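*Asks:* Got model07.csv for you, CSV, C-alpha atoms:
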chain,number,residue,atom,x,y,z
D,221,MET,CA,12.1,34.5,-2.4
D,222,THR,CA,9.6,32.0,-0.7
D,223,VAL,CA,10.2,31.6,2.9
D,224,VAL,CA,8.6,28.9,5.0
D,225,VAL,CA,7.9,30.0,8.5
D,226,LEU,CA,6.8,28.4,11.8
D,227,CYS,CA,4.6,30.8,13.8
D,228,GLU,CA,3.1,30.6,17.3
D,229,VAL,CA,-0.6,31.4,17.4
D,230,LEU,CA,-1.2,34.1,20.1
D,231,PRO,CA,-4.3,32.9,21.9
D,232,GLY,CA,-5.7,36.2,23.1
D,233,PRO,CA,-5.4,38.1,19.8
D,234,HIS,CA,-6.5,35.1,17.9
D,235,ALA,CA,-9.7,34.8,20.0
D,236,THR,CA,-10.4,38.4,19.3
D,237,PHE,CA,-9.8,38.0,15.6
D,238,LEU,CA,-12.1,35.0,15.5
D,239,ALA,CA,-14.9,36.8,17.2
D,240,ARG,CA,-14.6,39.6,14.7
D,241,ILE,CA,-14.5,37.5,11.6
D,242,ARG,CA,-17.3,35.3,12.9
D,243,ALA,CA,-19.5,38.3,13.4
D,244,ILE,CA,-18.8,39.8,10.0
D,245,LEU,CA,-19.4,36.5,8.2
D,246,THR,CA,-22.5,35.5,10.2
D,247,ASP,CA,-24.2,38.9,9.8
D,248,ASP,CA,-22.9,39.5,6.3
D,249,ASP,CA,-21.6,42.8,7.6
D,250,ARG,CA,-20.3,44.6,4.6
D,251,ALA,CA,-19.8,47.9,6.2
D,252,GLY,CA,-17.9,46.2,9.1
D,253,LEU,CA,-15.7,44.4,6.6
D,254,LYS,CA,-14.9,47.6,4.8
D,255,ALA,CA,-14.2,49.4,8.1
D,256,TRP,CA,-12.0,46.6,9.3
D,257,LEU,CA,-10.0,45.7,6.2
D,258,GLY,CA,-10.6,48.5,3.8
D,259,VAL,CA,-11.9,46.2,1.1
D,260,ASP,CA,-15.4,46.0,-0.5
D,261,PRO,CA,-17.1,42.7,-1.0
D,262,GLU,CA,-18.9,41.9,-4.3
D,263,ALA,CA,-22.5,43.0,-4.0
D,264,ASP,CA,-24.2,39.9,-5.3
D,265,LEU,CA,-22.4,37.3,-3.2
D,266,PRO,CA,-22.5,36.7,0.6
D,267,ILE,CA,-19.2,37.5,2.2
D,268,PHE,CA,-18.7,33.9,3.4
D,269,ALA,CA,-18.6,32.8,-0.3
D,270,GLN,CA,-15.9,35.3,-1.1
D,271,VAL,CA,-13.3,34.8,1.6
D,272,LEU,CA,-11.8,31.6,0.0
D,273,ALA,CA,-11.1,33.1,-3.4
D,274,ASP,CA,-7.6,34.3,-4.0
D,275,GLY,CA,-8.5,37.9,-4.1
D,276,PRO,CA,-8.3,41.1,-2.1
D,277,ILE,CA,-10.6,40.0,0.7
D,278,ARG,CA,-8.6,36.8,1.3
D,279,ARG,CA,-5.3,38.6,1.2
D,280,ALA,CA,-6.4,41.3,3.6
D,281,ILE,CA,-7.8,38.8,6.1
D,282,ARG,CA,-4.7,36.7,6.0
D,283,ALA,CA,-2.4,39.7,6.3
D,284,ARG,CA,-4.4,40.9,9.3
D,285,ALA,CA,-4.4,37.5,10.9
D,286,ALA,CA,-0.6,37.2,10.4
D,287,ALA,CA,0.0,40.7,11.8
D,288,GLU,CA,-2.2,40.3,14.8
D,289,CYS,CA,-2.3,36.6,15.7
D,290,LEU,CA,1.0,35.0,14.7
D,291,ARG,CA,4.5,35.3,16.0
D,292,GLU,CA,7.3,33.9,13.9
D,293,ILE,CA,9.6,31.5,15.8
D,294,TRP,CA,11.5,29.8,12.9
D,295,SER,CA,11.9,30.2,9.2
D,296,SER,CA,13.6,28.4,6.3
D,297,PRO,CA,14.6,29.8,2.9
D,298,ASN,CA,14.1,26.4,1.4
D,299,PRO,CA,10.6,26.4,-0.3
D,300,LEU,CA,10.6,22.6,-0.3
D,301,ILE,CA,11.2,22.3,3.4
D,302,ASP,CA,7.7,21.0,3.9
D,303,ASP,CA,8.6,18.0,1.7
D,304,ARG,CA,11.7,17.5,3.8
D,305,ILE,CA,9.6,17.5,7.0
D,306,ARG,CA,7.1,15.2,5.3
D,307,ASP,CA,9.9,12.7,4.5
D,308,GLU,CA,10.7,12.6,8.1
D,309,ALA,CA,7.2,12.4,9.4
D,310,GLY,CA,6.6,8.7,8.9
D,311,ASP,CA,3.4,7.9,10.7
D,312,VAL,CA,3.8,10.4,13.5
D,313,ALA,CA,0.5,12.2,13.4
D,314,ALA,CA,1.8,15.3,15.1
D,315,VAL,CA,4.4,15.9,12.3
D,316,ARG,CA,2.0,15.0,9.5
D,317,GLN,CA,-0.5,17.5,10.9
D,318,LEU,CA,2.3,20.1,10.8
D,319,VAL,CA,2.6,19.8,7.0
D,320,ASP,CA,-0.9,18.7,6.0
D,321,ASP,CA,-3.8,19.9,8.1
D,322,PRO,CA,-6.9,20.3,5.9
D,323,THR,CA,-8.8,21.7,8.9
D,324,LEU,CA,-6.5,24.7,9.3
D,325,PRO,CA,-8.8,27.8,9.4
D,326,PHE,CA,-8.9,29.7,6.1
D,327,HIS,CA,-7.5,32.9,7.7
D,328,LEU,CA,-4.3,31.1,8.6
D,329,ARG,CA,-3.5,29.6,5.2
D,330,ALA,CA,-2.4,31.0,1.9
D,331,PRO,CA,-4.5,30.0,-1.0
D,332,GLY,CA,-3.3,26.8,-2.7
D,333,GLU,CA,-0.5,26.2,-0.2
D,334,THR,CA,0.2,23.1,1.8
D,335,VAL,CA,0.3,24.2,5.4
D,336,GLY,CA,-0.5,22.7,8.7
D,337,ARG,CA,-0.3,23.1,12.5
D,338,THR,CA,0.5,21.3,15.5
D,339,LEU,CA,-1.5,21.8,18.6
D,340,GLY,CA,0.2,22.5,21.9
D,341,ALA,CA,0.3,19.0,23.4
D,342,ASN,CA,1.7,17.6,20.2
D,343,ARG,CA,4.7,20.0,19.8
D,344,LYS,CA,6.9,17.8,22.0
D,345,ALA,CA,5.9,14.7,20.0
D,346,ALA,CA,6.6,16.4,16.7
D,347,ALA,CA,10.0,17.6,18.1
D,348,ASP,CA,10.9,14.1,19.3
D,349,ALA,CA,10.0,12.6,15.9
D,350,LEU,CA,12.3,15.1,14.1
D,351,ALA,CA,15.1,15.0,16.7
D,352,ASP,CA,17.4,12.8,14.6
D,353,SER,CA,17.1,15.0,11.5
D,354,GLY,CA,20.3,17.0,11.8
D,355,ASP,CA,19.3,19.7,9.2
D,356,LEU,CA,16.0,20.3,11.1
D,357,ALA,CA,17.7,20.9,14.4
D,358,ASP,CA,16.6,24.6,14.5
D,359,LEU,CA,13.0,23.5,13.9
D,360,VAL,CA,13.2,21.0,16.6
D,361,THR,CA,14.5,23.6,19.0
D,362,ALA,CA,11.6,26.0,18.1
D,363,LEU,CA,9.1,23.3,18.6
D,364,ARG,CA,10.5,22.5,22.0
D,365,ALA,CA,10.6,26.1,23.1
D,366,GLY,CA,6.9,26.3,24.0
D,367,ASP,CA,3.6,24.5,24.3
D,368,GLY,CA,1.2,26.7,22.3
D,369,GLU,CA,-0.4,26.1,18.9
D,370,VAL,CA,2.0,26.6,16.0
D,371,VAL,CA,1.3,27.0,12.3
D,372,LEU,CA,3.7,26.2,9.4
D,373,GLY,CA,3.3,27.8,6.1
D,374,PRO,CA,4.7,30.1,3.5
D,375,LEU,CA,5.2,33.8,4.4
D,376,GLY,CA,2.9,36.3,2.8
U,117,MET,CA,-49.2,-45.7,-36.4
U,118,ALA,CA,-46.3,-45.9,-34.0
U,119,TYR,CA,-44.4,-43.5,-36.3
U,120,ALA,CA,-47.3,-41.0,-36.2
U,121,LEU,CA,-47.5,-41.2,-32.4
U,122,GLY,CA,-43.8,-40.7,-32.1
U,123,ALA,CA,-43.9,-37.6,-34.4
U,124,LEU,CA,-46.8,-36.2,-32.4
U,125,ALA,CA,-44.9,-36.7,-29.2
U,126,VAL,CA,-41.9,-34.8,-30.7
U,127,VAL,CA,-44.2,-31.9,-31.8
U,128,ILE,CA,-45.8,-31.7,-28.3
U,129,ALA,CA,-42.4,-31.8,-26.7
U,130,VAL,CA,-41.0,-29.0,-28.9
U,131,GLY,CA,-44.2,-26.9,-28.4
U,132,ALA,CA,-44.0,-27.3,-24.7
U,133,TRP,CA,-40.3,-26.3,-24.7
U,134,LEU,CA,-41.1,-23.3,-26.8
U,135,LEU,CA,-43.9,-22.3,-24.5
U,136,LEU,CA,-41.9,-22.8,-21.3
U,137,ARG,CA,-39.0,-20.9,-22.8
U,138,LYS,CA,-41.2,-17.8,-23.3
U,139,ARG,CA,-42.8,-17.9,-19.8
U,140,PRO,CA,-41.2,-15.2,-17.6
U,141,ARG,CA,-39.5,-16.9,-14.7
U,142,LYS,CA,-39.0,-15.5,-11.3
U,143,SER,CA,-35.3,-15.0,-11.7
U,144,ALA,CA,-35.8,-13.1,-14.9
U,145,ALA,CA,-38.4,-10.9,-13.2
U,146,VAL,CA,-35.9,-10.1,-10.5
U,147,ARG,CA,-33.3,-9.3,-13.0
U,148,ALA,CA,-35.7,-6.9,-14.7
U,149,GLU,CA,-36.3,-5.2,-11.4
U,150,ALA,CA,-32.6,-5.1,-10.7
U,151,GLY,CA,-32.3,-2.9,-13.8
U,152,GLY,CA,-33.8,-0.1,-11.7
U,153,THR,CA,-31.6,2.2,-9.8
U,154,LEU,CA,-31.9,3.6,-6.3
U,155,ASP,CA,-33.2,6.8,-7.8
U,156,ASP,CA,-35.8,4.8,-9.8
U,157,ALA,CA,-37.0,3.1,-6.6
U,158,VAL,CA,-37.4,6.4,-4.8
U,159,ARG,CA,-39.2,7.9,-7.7
U,160,ILE,CA,-41.6,4.9,-8.1
U,161,ARG,CA,-42.3,4.9,-4.4
U,162,GLY,CA,-43.1,8.7,-4.7
U,163,GLU,CA,-45.5,7.8,-7.4
U,164,GLY,CA,-47.3,5.5,-5.0
U,165,ASP,CA,-46.1,2.1,-6.1
U,166,LEU,CA,-44.5,0.9,-2.9
U,167,ALA,CA,-44.6,-2.7,-3.8
U,168,ARG,CA,-42.5,-2.2,-7.0
U,169,ALA,CA,-40.2,0.2,-5.1
U,170,ARG,CA,-39.6,-2.6,-2.6
U,171,ALA,CA,-38.9,-5.1,-5.3
U,172,ILE,CA,-36.3,-2.8,-6.9
U,173,LEU,CA,-34.7,-2.0,-3.6
U,174,GLY,CA,-34.7,-5.7,-2.7
U,175,ALA,CA,-33.0,-6.6,-6.0
U,176,LEU,CA,-30.5,-3.8,-5.6
U,177,ASP,CA,-29.7,-4.8,-2.1
U,178,VAL,CA,-29.1,-8.4,-3.2
U,179,ALA,CA,-27.1,-7.4,-6.2
U,180,LYS,CA,-25.0,-4.6,-4.7
U,181,GLY,CA,-25.6,-5.0,-1.1
U,182,GLY,CA,-25.8,-2.8,2.0
U,183,GLY,CA,-25.6,0.9,2.6
U,184,LEU,CA,-28.5,3.2,1.7
U,185,ARG,CA,-30.0,0.5,-0.6
U,186,ARG,CA,-30.7,-1.8,2.4
U,187,PHE,CA,-31.6,1.1,4.7
U,188,LEU,CA,-34.3,2.3,2.3
U,189,ARG,CA,-35.4,-1.3,1.7
U,190,ALA,CA,-36.1,-1.5,5.4
U,191,VAL,CA,-37.8,1.9,5.4
U,192,ALA,CA,-40.0,0.7,2.5
U,193,ALA,CA,-40.8,-2.5,4.4
U,194,PHE,CA,-41.8,-0.5,7.5
U,195,GLU,CA,-44.0,1.7,5.4
U,196,ALA,CA,-45.7,-1.3,4.0
U,197,GLY,CA,-46.5,-2.4,7.5
U,198,ASP,CA,-44.0,-5.2,7.4
U,199,GLY,CA,-42.0,-4.3,10.5
U,200,ALA,CA,-40.7,-7.8,10.8
U,201,SER,CA,-39.0,-7.7,7.4
U,202,ALA,CA,-37.6,-4.3,8.2
U,203,ARG,CA,-36.1,-5.5,11.4
U,204,ALA,CA,-34.7,-8.6,9.7
U,205,LEU,CA,-32.6,-6.3,7.5
U,206,GLY,CA,-30.7,-5.0,10.4
U,207,SER,CA,-28.5,-6.7,12.9
U,208,GLY,CA,-29.2,-6.1,16.6
U,209,THR,CA,-29.3,-2.4,17.2
U,210,ALA,CA,-27.3,-1.6,14.1
U,211,LEU,CA,-29.3,0.1,11.4
U,212,PRO,CA,-30.0,-1.8,8.1
U,213,GLY,CA,-27.2,-1.5,5.7
U,214,GLY,CA,-24.6,-1.1,8.4
U,215,LEU,CA,-25.2,2.7,8.4
U,216,SER,CA,-24.1,4.4,11.6
U,217,SER,CA,-27.0,6.2,13.4
U,218,GLY,CA,-24.7,9.2,13.6
U,219,LEU,CA,-24.4,9.5,9.8
U,220,VAL,CA,-28.1,8.9,9.2
U,221,LEU,CA,-28.9,11.7,11.7
U,222,LEU,CA,-26.6,14.0,9.8
U,223,GLN,CA,-28.3,13.1,6.5
U,224,LEU,CA,-31.7,13.5,8.1
U,225,ALA,CA,-30.7,16.9,9.6
U,226,ALA,CA,-29.5,18.0,6.2
U,227,ALA,CA,-32.8,16.8,4.6
U,228,SER,CA,-35.2,18.2,7.1
U,229,GLY,CA,-33.4,21.5,7.9
U,230,ARG,CA,-34.0,20.7,11.6
U,231,ALA,CA,-30.6,20.2,13.0
U,232,ALA,CA,-31.8,21.3,16.5
U,233,ASP,CA,-34.3,18.4,16.8
U,234,VAL,CA,-33.6,15.3,14.8
U,235,VAL,CA,-35.7,12.6,16.4
U,236,GLY,CA,-35.1,14.3,19.7
U,237,ARG,CA,-31.4,14.9,19.3
U,238,GLU,CA,-29.3,17.9,18.3
U,239,VAL,CA,-26.9,17.6,15.4
U,240,GLN,CA,-23.6,19.4,15.9
U,241,SER,CA,-22.1,18.9,12.4
U,242,ASP,CA,-21.4,22.2,10.6
U,243,LEU,CA,-21.8,20.4,7.2
U,244,ALA,CA,-25.2,19.0,8.1
U,245,ARG,CA,-26.3,22.3,9.5
U,246,ALA,CA,-25.2,24.1,6.3
U,247,LEU,CA,-27.0,21.6,4.1
U,248,GLY,CA,-30.1,21.7,6.3
U,249,ALA,CA,-30.2,25.5,6.2
U,250,LYS,CA,-30.0,25.4,2.4
U,251,THR,CA,-32.8,22.8,2.3
U,252,GLY,CA,-34.9,25.0,4.7
U,253,GLY,CA,-34.1,28.2,2.9
U,254,ASP,CA,-32.9,29.8,6.1
U,255,ASP,CA,-30.2,32.4,5.1
U,256,ALA,CA,-29.2,33.4,8.6
U,257,ALA,CA,-28.7,29.7,9.6
U,258,LEU,CA,-26.8,29.1,6.4
U,259,ARG,CA,-24.4,32.0,7.1
U,260,GLY,CA,-23.8,30.8,10.6
U,261,ALA,CA,-23.2,27.2,9.6
U,262,MET,CA,-20.9,28.3,6.7
U,263,THR,CA,-18.9,30.5,9.0
U,264,ALA,CA,-18.4,27.6,11.3
U,265,LEU,CA,-17.4,25.4,8.4
U,266,LEU,CA,-14.9,27.9,7.0
U,267,LEU,CA,-13.2,28.0,10.4
U,268,SER,CA,-13.3,24.2,11.0
U,269,ASP,CA,-12.8,22.7,7.5
U,270,PRO,CA,-12.2,25.3,4.7
U,271,GLU,CA,-11.8,22.6,2.0
U,272,LEU,CA,-15.3,21.2,2.8
U,273,ALA,CA,-16.6,24.8,2.9
U,274,ALA,CA,-15.3,25.3,-0.6
U,275,LEU,CA,-17.1,22.3,-1.8
U,276,VAL,CA,-20.4,23.4,-0.3
U,277,ILE,CA,-20.0,26.9,-1.7
U,278,SER,CA,-19.4,25.4,-5.2
U,279,LYS,CA,-21.9,22.5,-5.2
U,280,GLU,CA,-24.7,23.7,-3.1
U,281,LEU,CA,-24.7,27.4,-3.7
U,282,GLY,CA,-23.3,27.4,-7.3
U,283,MET,CA,-20.8,30.1,-6.4
U,284,PRO,CA,-17.1,30.1,-7.4
U,285,ALA,CA,-14.8,28.4,-5.0
U,286,PRO,CA,-11.2,27.0,-5.0
U,287,PRO,CA,-10.9,23.4,-6.1
U,288,SER,CA,-11.5,20.9,-3.3
U,289,THR,CA,-9.8,17.7,-2.3
U,290,PRO,CA,-10.8,14.0,-2.4
U,291,ARG,CA,-11.0,13.9,1.4
U,292,ALA,CA,-13.5,16.8,1.4
U,293,ALA,CA,-15.4,15.3,-1.5
U,294,GLU,CA,-15.8,12.0,0.4
U,295,ARG,CA,-17.1,13.8,3.5
U,296,TYR,CA,-19.5,15.9,1.5
U,297,ALA,CA,-20.8,13.0,-0.5
U,298,SER,CA,-21.4,10.8,2.6
U,299,VAL,CA,-24.0,13.4,3.8
U,300,ALA,CA,-25.2,14.9,0.6
U,301,ARG,CA,-26.2,11.6,-1.1
U,302,GLY,CA,-28.4,10.5,1.9
U,303,ARG,CA,-29.8,14.0,2.1
U,304,ASP,CA,-30.9,14.0,-1.5
U,305,LEU,CA,-32.6,10.6,-1.2
U,306,PHE,CA,-34.2,11.5,2.1
U,307,VAL,CA,-35.6,14.8,0.8
U,308,ARG,CA,-37.3,12.9,-2.0
U,309,TRP,CA,-38.5,10.1,0.3
U,310,GLY,CA,-39.8,12.5,2.9
U,311,PRO,CA,-37.7,13.3,5.9
U,312,GLU,CA,-40.6,12.8,8.2
U,313,ARG,CA,-41.0,9.2,7.0
U,314,ILE,CA,-37.3,8.5,7.6
U,315,ALA,CA,-37.7,10.0,11.1
U,316,ALA,CA,-40.7,7.8,11.7
U,317,PHE,CA,-38.6,4.8,10.7
U,318,LEU,CA,-35.8,5.8,13.1
U,319,ALA,CA,-38.3,6.1,15.9
U,320,PHE,CA,-39.6,2.7,15.1
U,321,TRP,CA,-36.1,1.2,14.9
U,322,GLU,CA,-35.1,2.6,18.3
U,323,LYS,CA,-38.2,1.2,20.0
U,324,PRO,CA,-37.3,-1.7,22.3
Just give me the structure of the file as structure tokens.
*Replies:*
Amino acid sequence: MTVVVLCEVLPGPHATFLARIRAILTDDDRAGLKAWLGVDPEADLPIFAQVLADGPIRRAIRARAAAECLREIWSSPNPLIDDRIRDEAGDVAAVRQLVDDPTLPFHLRAPGETVGRTLGANRKAAADALADSGDLADLVTALRAGDGEVVLGPLG
Amino acid sequence: MAYALGALAVVIAVGAWLLLRKRPRKSAAVRAEAGGTLDDAVRIRGEGDLARARAILGALDVAKGGGLRRFLRAVAAFEAGDGASARALGSGTALPGGLSSGLVLLQLAAASGRAADVVGREVQSDLARALGAKTGGDDAALRGAMTALLLSDPELAALVISKELGMPAPPSTPRAAERYASVARGRDLFVRWGPERIAAFLAFWEKP
């Protein structure tokens, strides 16, 4: 069953994760990737060209990022909940970014999925914009519960 | 006699009309030049025929207007020593064709492979850095720029991986395609024109 989750990005672990993935990609560190994630990159392609493909490297990076950098704060069993949020978004940028953010880093998104994020200062604006949507009350509460960066997307 | 003179006048008139009809007129010449494309103009200028390249660029600018056509028209005028015509194609400090100086710097960085010093400025765009590293054949710089692009705009990174490096990548989006094209088209033309000549034009343009 597809579950859509809202996760808070943990700043410290995420910074550590970013430093590590940057070093591996920049140096094309194949031994480092293998030691970190237990997967072997293809020999004839630089690692940076392999991380977007829906394959073992992408899945391992995403699983590691989810385990180390994200904390779930809300979930919905409705796989179309992002459409429901989109309907409510109107022209509120903070909500639109929550469901459609093309700049969301690759390690926080599942291949082919529509996902987004809302940066800390916009959480309250997103919550206010969704406040009158009765069926999204739990999401509004989760958005109001903090001021850190959150990511919305499918689990797994 | 009068009849013969009249007939002669008709013959002369018809002959003159036929002759005039075959004479190439200026507007026809312009239309012929307008048949050239922007790529034709760049190629012809590369072959050394700057005057014909200017004619094509001028016709294209009039017919289709603005953008890189007018910008390169101004560059060609500058190269021909016609700085006044080049300046007349811009408006105030705005670059010819209404191009933003920021975009032209990105295109030039991508064409020259010198993002750290584009006419005395440093370009921060990950896309321009990646394209520039590709142009310059600098693998380490390419890895660094692509890493930054993957973390800041993965859809755009996918497009660069696919189009520039010929490697498999997920399908991209219209938004990413538009961003990529805005830099890549200028990069392609500037590479063929000679990035150093574009830089010289920018330096000329920014002179008070």
*Asks:* Show me, as a list in words, the residues of chain U whose atoms get within 7 Å of chain D, using all atoms listed in the file for the distance check.
*Replies:*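 Those within range of chain D come out as Arg259, Gly260, Met262, Thr263, Leu266, Leu267, Ser268, Asp269, Pro270, Glu271, Ile277, Ala285 and Pro286 of chain U.
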*Asks:* Taking (-45.5, 1.0, -6.3) in the coordinates of the supplied file, I want to know which residues reach to within 12 Å of it, counting all atoms listed in the file; could you give the answer as a PyMOL selection string?
*Replies:* chain U and resi 156-173+192+195-196
*Asks:* List as number ranges by chain the protein and nucleic acid residues near Asp367 in chain D, meaning an atom at most 10 Å away when only C-alpha atoms are counted, but skip any in the same chain fewer than 5 places from it.
*Replies:* D: 228, 338-344
*Asks:* Would you write out those residues with C-alpha atoms, as a short mmCIF file (atom, residue, chain, number, x, y, z; two decimals), keeping the file's coordinate frame?
*Replies:*
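That gives us selection-v8.cif:
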data_model
loop_
_atom_site.label_atom_id
_atom_site.label_comp_id
_atom_site.auth_asym_id
_atom_site.auth_seq_id
_atom_site.Cartn_x
_atom_site.Cartn_y
_atom_site.Cartn_z
CA GLU D 228 3.10 30.60 17.30
CA THR D 338 0.50 21.30 15.50
CA LEU D 339 -1.50 21.80 18.60
CA GLY D 340 0.20 22.50 21.90
CA ALA D 341 0.30 19.00 23.40
CA ASN D 342 1.70 17.60 20.20
CA ARG D 343 4.70 20.00 19.80
CA LYS D 344 6.90 17.80 22.00
#
*Asks:* What's around Asp355 in chain D at 12 Å? Count all atoms listed in the file, leave out sequence neighbours fewer than 3 positions away in its own chain, and write the answer as a list of chain:residue names.
*Replies:*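 Here the answer would be D:Ser296, D:Asn298, D:Ile301, D:Arg304, D:Ile305, D:Glu308, D:Leu350, D:Ala351, D:Asp352, D:Asp358, D:Leu359, D:Val360, D:Thr361.
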*Asks:* Near range 255-263 of chain D, counting only C-alpha atoms, which residues have an atom at most 9 Å away, once you skip same-chain residues fewer than 6 positions from it, shown as a PyMOL selection string?
*Replies:* chain D and resi 270+276-277+280-281+284
*Asks:* Rounded to one decimal place, report the CA of Ala261 in chain U-CA of Cys289 in chain D distance in Å.
*Replies:* 23.7 Å
*Asks:* Which residues are close to range 288-291 of chain U, i.e. within 8 Å by only C-alpha atoms, leaving aside same-chain residues fewer than 6 positions away? Reply as a PyMOL selection string.
*Replies:* chain U and resi 271-272+274-275
*Asks:* I'd like the interatomic distance between CA of Leu265 in chain U and CA of Pro311 in chain U, to a tenth of an Å.
*Replies:*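 Taking CA of Leu265 in chain U as the start and CA of Pro311 in chain U as the end point, the length is 23.8 Å.
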*Asks:* Got a sec to check which residues sit within 7 Å of (2.7, 33.4, 14.9), counting only C-alpha atoms, and write them as an MDAnalysis selection string?
*Replies:* chainID D and resid 227:230 286 289:292 370
*Asks:* Would you mind exporting C-alpha atoms of the selected residues as a tab-separated table (two decimals), in the frame of the given file?
*Replies:*
chain	number	residue	atom	x	y	z
D	227	CYS	CA	4.60	30.80	13.80
D	228	GLU	CA	3.10	30.60	17.30
D	229	VAL	CA	-0.60	31.40	17.40
D	230	LEU	CA	-1.20	34.10	20.10
D	286	ALA	CA	-0.60	37.20	10.40
D	289	CYS	CA	-2.30	36.60	15.70
D	290	LEU	CA	1.00	35.00	14.70
D	291	ARG	CA	4.50	35.30	16.00
D	292	GLU	CA	7.30	33.90	13.90
D	370	VAL	CA	2.00	26.60	16.00
